[in-house]
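*Asks:* For reference, the structure I am asking about is given below.
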Amino acid sequence: MTMLLVGALCIGIASVIGGATGFGTALIATPVMLMIGFAVPEVVFVNLVAGLITRIGAAYHLREHISWGRVALLGGGSLPGAWLGAVTLGLVPEQYLKPAAGVVVMLCGVAMALPRAETTRTPSTAAHVLTGSVGGYLGTTTSLNGPPPVLLLMRARLPPLAFIADLAGYFIVANVMALGVLWFHDEITESMFWPRLPIFVTAAVIGNVAGLAIARRLPPGVFRSAVIVLVIAAGAATFLLG
């Protein structure tokens, strides 16, 4: 029971960050949940489901800001990567996946901290598809499918609402595909559904709502810096303790 409550608290806090920034839930939840003892496949499943449910609401409210062409390229590109990731998940021992997830989280945090170009660059079609594929691979292996499209959209310097809307659309498509691929490869078991999943999803929804409220009060620069610090620290802890 203690592990269940701590896991719900992790998901809830991570979802506060995800709600305020449009991404980051899995970046924070994955390393912390791995540290407290949850298995990699269950962490991946929970994060994908929680991300899917919370992003549906965001996509609905921001639907007029979504670039469906961009979402289609990123989401469609995620399928081959997700398939390859599911194969990897079945072949690589968990003791290697945990530190690998920690390294990925740290690299994502460092990449987010790098200075952004002042000029706007529109990523090519190939860049969108490749980014989606990398995100798909990370999605089924570690549930960290957000950083690749985040970095791509940051490079394109989209307006905030368009940034969050396109990410929401991508997460819906990519998470559905990732869950389907994992189900096909028998990586999803009945024990992952009950009793933990409803509790984790409820915590994610509550945290997401709180994050949206906080986002309206905190300066974007301050919150972005805090997220980067948390991401790098969580990744380092997972790598050292994994």
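For the structure tokens, the naming scheme is as follows: chains receive sequential letters (A, B, ...) according to their order of presentation, residues are indexed from 1 within each chain, and ligands are indexed from 1 in presentation order.
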For Ala26 of chain A, list every protein, DNA or RNA residue within 12 Å, evaluated using only C-alpha atoms, and leave out those in the same chain fewer than 6 positions away; present the list as a PDB file with N, CA and C atoms, in the first residue's frame.

*Replies:*
```pdb
ATOM      1  N   CYS A  10       4.054  10.430  -6.834  1.00  0.00           N
ATOM      2  CA  CYS A  10       5.025  10.722  -7.899  1.00  0.00           C
ATOM      3  C   CYS A  10       4.312  11.139  -9.186  1.00  0.00           C
ATOM      4  N   ILE A  11       3.308  10.367  -9.563  1.00  0.00           N
ATOM      5  CA  ILE A  11       2.551  10.680 -10.780  1.00  0.00           C
ATOM      6  C   ILE A  11       1.855  12.032 -10.645  1.00  0.00           C
ATOM      7  N   GLY A  12       1.282  12.294  -9.478  1.00  0.00           N
ATOM      8  CA  GLY A  12       0.571  13.551  -9.267  1.00  0.00           C
ATOM      9  C   GLY A  12       1.488  14.757  -9.374  1.00  0.00           C
ATOM     10  N   ILE A  13       2.636  14.694  -8.716  1.00  0.00           N
ATOM     11  CA  ILE A  13       3.585  15.810  -8.769  1.00  0.00           C
ATOM     12  C   ILE A  13       4.126  16.001 -10.182  1.00  0.00           C
ATOM     13  N   ALA A  14       4.455  14.882 -10.840  1.00  0.00           N
ATOM     14  CA  ALA A  14       4.954  14.968 -12.212  1.00  0.00           C
ATOM     15  C   ALA A  14       3.906  15.565 -13.147  1.00  0.00           C
ATOM     16  N   SER A  15       2.649  15.261 -12.889  1.00  0.00           N
ATOM     17  CA  SER A  15       1.571  15.783 -13.737  1.00  0.00           C
ATOM     18  C   SER A  15       1.345  17.273 -13.524  1.00  0.00           C
ATOM     19  N   VAL A  16       1.678  17.773 -12.347  1.00  0.00           N
ATOM     20  CA  VAL A  16       1.623  19.223 -12.124  1.00  0.00           C
ATOM     21  C   VAL A  16       2.578  19.909 -13.099  1.00  0.00           C
ATOM     22  N   ILE A  17       3.778  19.358 -13.226  1.00  0.00           N
ATOM     23  CA  ILE A  17       4.764  19.909 -14.162  1.00  0.00           C
ATOM     24  C   ILE A  17       4.286  19.748 -15.592  1.00  0.00           C
ATOM     25  N   GLY A  18       3.736  18.570 -15.903  1.00  0.00           N
ATOM     26  CA  GLY A  18       3.240  18.325 -17.247  1.00  0.00           C
ATOM     27  C   GLY A  18       2.100  19.247 -17.619  1.00  0.00           C
ATOM     28  N   GLY A  19       1.213  19.516 -16.672  1.00  0.00           N
ATOM     29  CA  GLY A  19       0.096  20.404 -16.945  1.00  0.00           C
ATOM     30  C   GLY A  19       0.537  21.833 -17.168  1.00  0.00           C
ATOM     31  N   VAL A  32      11.745   8.560 -10.879  1.00  0.00           N
ATOM     32  CA  VAL A  32      11.359   8.450  -9.468  1.00  0.00           C
ATOM     33  C   VAL A  32      10.654   7.126  -9.206  1.00  0.00           C
ATOM     34  N   MET A  33       9.743   6.723 -10.102  1.00  0.00           N
ATOM     35  CA  MET A  33       9.030   5.458  -9.907  1.00  0.00           C
ATOM     36  C   MET A  33       9.971   4.262 -10.024  1.00  0.00           C
ATOM     37  N   LEU A  34      10.968   4.368 -10.882  1.00  0.00           N
ATOM     38  CA  LEU A  34      11.956   3.290 -10.984  1.00  0.00           C
ATOM     39  C   LEU A  34      12.760   3.183  -9.687  1.00  0.00           C
ATOM     40  N   VAL A  43       5.987   1.024 -15.402  1.00  0.00           N
ATOM     41  CA  VAL A  43       6.183   2.474 -15.445  1.00  0.00           C
ATOM     42  C   VAL A  43       5.867   3.004 -16.838  1.00  0.00           C
ATOM     43  N   VAL A  44       6.331   2.292 -17.858  1.00  0.00           N
ATOM     44  CA  VAL A  44       6.061   2.690 -19.239  1.00  0.00           C
ATOM     45  C   VAL A  44       4.557   2.707 -19.492  1.00  0.00           C
ATOM     46  N   PHE A  45       3.869   1.641 -19.090  1.00  0.00           N
ATOM     47  CA  PHE A  45       2.426   1.529 -19.316  1.00  0.00           C
ATOM     48  C   PHE A  45       1.661   2.638 -18.609  1.00  0.00           C
ATOM     49  N   VAL A  46       1.952   2.852 -17.335  1.00  0.00           N
ATOM     50  CA  VAL A  46       1.241   3.871 -16.556  1.00  0.00           C
ATOM     51  C   VAL A  46       1.452   5.259 -17.151  1.00  0.00           C
ATOM     52  N   ASN A  47       2.680   5.590 -17.507  1.00  0.00           N
ATOM     53  CA  ASN A  47       2.963   6.913 -18.054  1.00  0.00           C
ATOM     54  C   ASN A  47       2.272   7.129 -19.398  1.00  0.00           C
ATOM     55  N   LEU A  48       2.243   6.097 -20.227  1.00  0.00           N
ATOM     56  CA  LEU A  48       1.586   6.222 -21.526  1.00  0.00           C
ATOM     57  C   LEU A  48       0.081   6.439 -21.363  1.00  0.00           C
ATOM     58  N   VAL A  49      -0.539   5.683 -20.457  1.00  0.00           N
ATOM     59  CA  VAL A  49      -1.987   5.832 -20.230  1.00  0.00           C
ATOM     60  C   VAL A  49      -2.297   7.191 -19.613  1.00  0.00           C
ATOM     61  N   ALA A  50      -1.540   7.572 -18.585  1.00  0.00           N
ATOM     62  CA  ALA A  50      -1.775   8.862 -17.935  1.00  0.00           C
ATOM     63  C   ALA A  50      -1.559  10.011 -18.908  1.00  0.00           C
ATOM     64  N   GLY A  51      -0.506   9.924 -19.715  1.00  0.00           N
ATOM     65  CA  GLY A  51      -0.248  10.970 -20.698  1.00  0.00           C
ATOM     66  C   GLY A  51      -1.351  11.074 -21.729  1.00  0.00           C
ATOM     67  N   LEU A  52      -1.868   9.930 -22.159  1.00  0.00           N
ATOM     68  CA  LEU A  52      -2.949   9.916 -23.143  1.00  0.00           C
ATOM     69  C   LEU A  52      -4.202  10.596 -22.594  1.00  0.00           C
ATOM     70  N   ALA A 101      17.552   4.680 -18.915  1.00  0.00           N
ATOM     71  CA  ALA A 101      16.508   5.688 -18.776  1.00  0.00           C
ATOM     72  C   ALA A 101      17.036   6.921 -18.052  1.00  0.00           C
ATOM     73  N   GLY A 102      17.872   6.711 -17.053  1.00  0.00           N
ATOM     74  CA  GLY A 102      18.466   7.837 -16.339  1.00  0.00           C
ATOM     75  C   GLY A 102      19.331   8.696 -17.235  1.00  0.00           C
ATOM     76  N   VAL A 104      19.086   8.977 -20.535  1.00  0.00           N
ATOM     77  CA  VAL A 104      18.200   9.668 -21.477  1.00  0.00           C
ATOM     78  C   VAL A 104      17.573  10.898 -20.831  1.00  0.00           C
ATOM     79  N   VAL A 105      17.120  10.752 -19.584  1.00  0.00           N
ATOM     80  CA  VAL A 105      16.497  11.870 -18.879  1.00  0.00           C
ATOM     81  C   VAL A 105      17.502  13.012 -18.705  1.00  0.00           C
ATOM     82  N   CYS A 108      18.154  14.805 -21.968  1.00  0.00           N
ATOM     83  CA  CYS A 108      17.005  15.648 -22.327  1.00  0.00           C
ATOM     84  C   CYS A 108      17.028  16.959 -21.548  1.00  0.00           C
ATOM     85  N   LEU A 138      11.646   5.681 -27.792  1.00  0.00           N
ATOM     86  CA  LEU A 138      11.777   6.003 -26.375  1.00  0.00           C
ATOM     87  C   LEU A 138      10.474   5.759 -25.631  1.00  0.00           C
ATOM     88  N   GLY A 139       9.344   5.902 -26.332  1.00  0.00           N
ATOM     89  CA  GLY A 139       8.055   5.715 -25.695  1.00  0.00           C
ATOM     90  C   GLY A 139       7.835   4.300 -25.200  1.00  0.00           C
ATOM     91  N   THR A 142      10.997   3.428 -22.498  1.00  0.00           N
ATOM     92  CA  THR A 142      11.122   4.161 -21.234  1.00  0.00           C
ATOM     93  C   THR A 142       9.933   5.077 -20.954  1.00  0.00           C
ATOM     94  N   SER A 143       8.987   5.208 -21.892  1.00  0.00           N
ATOM     95  CA  SER A 143       7.842   6.133 -21.849  1.00  0.00           C
ATOM     96  C   SER A 143       8.261   7.581 -22.033  1.00  0.00           C
ATOM     97  N   LEU A 144       9.510   7.837 -22.383  1.00  0.00           N
ATOM     98  CA  LEU A 144      10.015   9.205 -22.544  1.00  0.00           C
ATOM     99  C   LEU A 144       9.909   9.638 -23.998  1.00  0.00           C
ATOM    100  N   ASN A 145       8.690   9.618 -24.541  1.00  0.00           N
ATOM    101  CA  ASN A 145       8.514   9.978 -25.949  1.00  0.00           C
ATOM    102  C   ASN A 145       8.344  11.472 -26.172  1.00  0.00           C
ATOM    103  N   GLY A 146       8.386  12.273 -25.104  1.00  0.00           N
ATOM    104  CA  GLY A 146       8.176  13.700 -25.244  1.00  0.00           C
ATOM    105  C   GLY A 146       9.372  14.526 -25.687  1.00  0.00           C
ATOM    106  N   PRO A 147      10.580  14.276 -25.158  1.00  0.00           N
ATOM    107  CA  PRO A 147      11.713  15.150 -25.464  1.00  0.00           C
ATOM    108  C   PRO A 147      12.016  15.371 -26.946  1.00  0.00           C
ATOM    109  N   PHE A 171       1.085  13.479 -28.491  1.00  0.00           N
ATOM    110  CA  PHE A 171       1.030  12.494 -27.413  1.00  0.00           C
ATOM    111  C   PHE A 171      -0.170  11.558 -27.562  1.00  0.00           C
ATOM    112  N   ASN A 175       0.985   7.861 -28.074  1.00  0.00           N
ATOM    113  CA  ASN A 175       0.708   6.979 -26.936  1.00  0.00           C
ATOM    114  C   ASN A 175      -0.248   5.852 -27.310  1.00  0.00           C
ATOM    115  N   ALA A 204      -2.869  11.632 -11.795  1.00  0.00           N
ATOM    116  CA  ALA A 204      -2.375  12.366 -12.962  1.00  0.00           C
ATOM    117  C   ALA A 204      -3.341  13.460 -13.383  1.00  0.00           C
ATOM    118  N   VAL A 231      14.594  17.664 -13.865  1.00  0.00           N
ATOM    119  CA  VAL A 231      14.793  16.600 -14.843  1.00  0.00           C
ATOM    120  C   VAL A 231      16.204  16.036 -14.742  1.00  0.00           C
ATOM    121  N   ALA A 234      16.668  14.123 -11.397  1.00  0.00           N
ATOM    122  CA  ALA A 234      15.960  12.838 -11.385  1.00  0.00           C
ATOM    123  C   ALA A 234      16.683  11.820 -12.257  1.00  0.00           C
ATOM    124  N   GLY A 235      17.167  12.256 -13.400  1.00  0.00           N
ATOM    125  CA  GLY A 235      17.906  11.344 -14.286  1.00  0.00           C
ATOM    126  C   GLY A 235      19.184  10.866 -13.663  1.00  0.00           C
TER     127      GLY A 235
END
```

*Asks:* Residues near segment 159-170 of chain A, anyone? I mean within 7 Å using only C-alpha atoms, not counting same-chain ones fewer than 6 positions away, as a PyMOL selection string.

*Replies:* chain A and resi 22+55+58-59+62-63+65-67+71+74-75+153

*Asks:* With C-alpha atoms retained, write the just-selected residues as an mmCIF file, in the first residue's frame.

*Replies:*
```cif
data_model
loop_
_atom_site.group_PDB
_atom_site.id
_atom_site.type_symbol
_atom_site.label_atom_id
_atom_site.label_comp_id
_atom_site.auth_asym_id
_atom_site.auth_seq_id
_atom_site.Cartn_x
_atom_site.Cartn_y
_atom_site.Cartn_z
ATOM 1 C CA GLY A 22 2.656 20.743 -21.867
ATOM 2 C CA ARG A 55 -3.556 15.261 -23.184
ATOM 3 C CA ALA A 58 -5.660 19.722 -23.534
ATOM 4 C CA ALA A 59 -6.070 18.911 -27.224
ATOM 5 C CA LEU A 62 -6.690 24.011 -27.796
ATOM 6 C CA ARG A 63 -7.970 22.285 -30.934
ATOM 7 C CA HIS A 65 -4.257 25.867 -32.407
ATOM 8 C CA ILE A 66 -3.290 22.351 -33.528
ATOM 9 C CA SER A 67 -1.370 21.867 -36.767
ATOM 10 C CA VAL A 71 0.797 16.009 -35.600
ATOM 11 C CA LEU A 74 5.211 13.190 -35.758
ATOM 12 C CA GLY A 75 2.565 10.672 -34.701
ATOM 13 C CA LEU A 153 9.024 22.385 -31.627
#
```

*Asks:* Determine the nearest neighbour of Val103 of chain A from the options A:Ala203, A:Ile53, A:Ala237, A:Ala72, counting only C-alpha atoms.

*Replies:*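 Using only C-alpha atoms, the shortest distance to Val103 of chain A belongs to A:Ala237.
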
*Asks:* Between A:Ala236, A:Ile228, A:Leu79, A:Val209, which has the minimum distance to Gly136 of chain A (counting only C-alpha atoms)?

*Replies:*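 Among A:Ala236, A:Ile228, A:Leu79, A:Val209, it is A:Leu79 that comes nearest to Gly136 of chain A.
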
*Asks:* In terms of the shortest atom-to-atom distance over only C-alpha atoms, which of A:Gly211, A:Gly109, A:Gly37, A:Pro149 is closest to Gln95 of chain A?

*Replies:*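 Checking each candidate against Gln95 of chain A, we get A:Gly37 as the closest.
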
*Asks:* With distances taken over only C-alpha atoms, which of A:Ile56, A:Met192, A:Leu212, A:Ala127 is nearest to Ala156 of chain A?

*Replies:*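 Ranked by minimum distance to Ala156 of chain A, first place goes to A:Ala127.
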
*Asks:* Of the candidates A:Leu182, A:Thr202, A:Leu151, A:Pro31, which one gets nearest to Met106 of chain A if we count only C-alpha atoms?

*Replies:* A:Pro31

*Asks:* As a ChimeraX atom specification, list the residues of segment 23-52 of chain A assigned to helix (DSSP H, G or I) by DSSP on the backbone atoms of this structure.

*Replies:* /A:25-35,40-52

*Asks:* My list of candidates is A:Leu89, A:Ser124, A:Val181, A:Met112. Which is closest to Ala39 of chain A when distances are computed with only C-alpha atoms?

*Replies:*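 Answer, going by the shortest atom-to-atom distance: A:Leu89.
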
*Asks:* Within 10 Å of Leu4 of chain A, counting only C-alpha atoms, which residues qualify if same-chain residues fewer than 4 places away don't, as a list in words?

*Replies:*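 Here the answer would be Ala8, Leu9, Cys10, Phe38, Pro195, Arg196, Leu197, Ile199 and Phe200 of chain A.
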
*Asks:* How many Å separate atom CA of Trp183 of chain A from atom CA of Thr54 of chain A?

*Replies:*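 If I compute the distance from atom CA of Trp183 of chain A to atom CA of Thr54 of chain A, I get 20.7 Å.
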
*Asks:* I'd like the neighbourhood of Thr131 of chain A as a list of chain:residue names, where a residue qualifies if any of its atoms comes within 8 Å (using only C-alpha atoms), though same-chain residues fewer than 3 positions away should be ignored.

*Replies:* A:Leu74, A:Gly77, A:Ser78, A:Ala127, A:His128, A:Val134, A:Gly135, A:Pro148, A:Pro149, A:Leu152
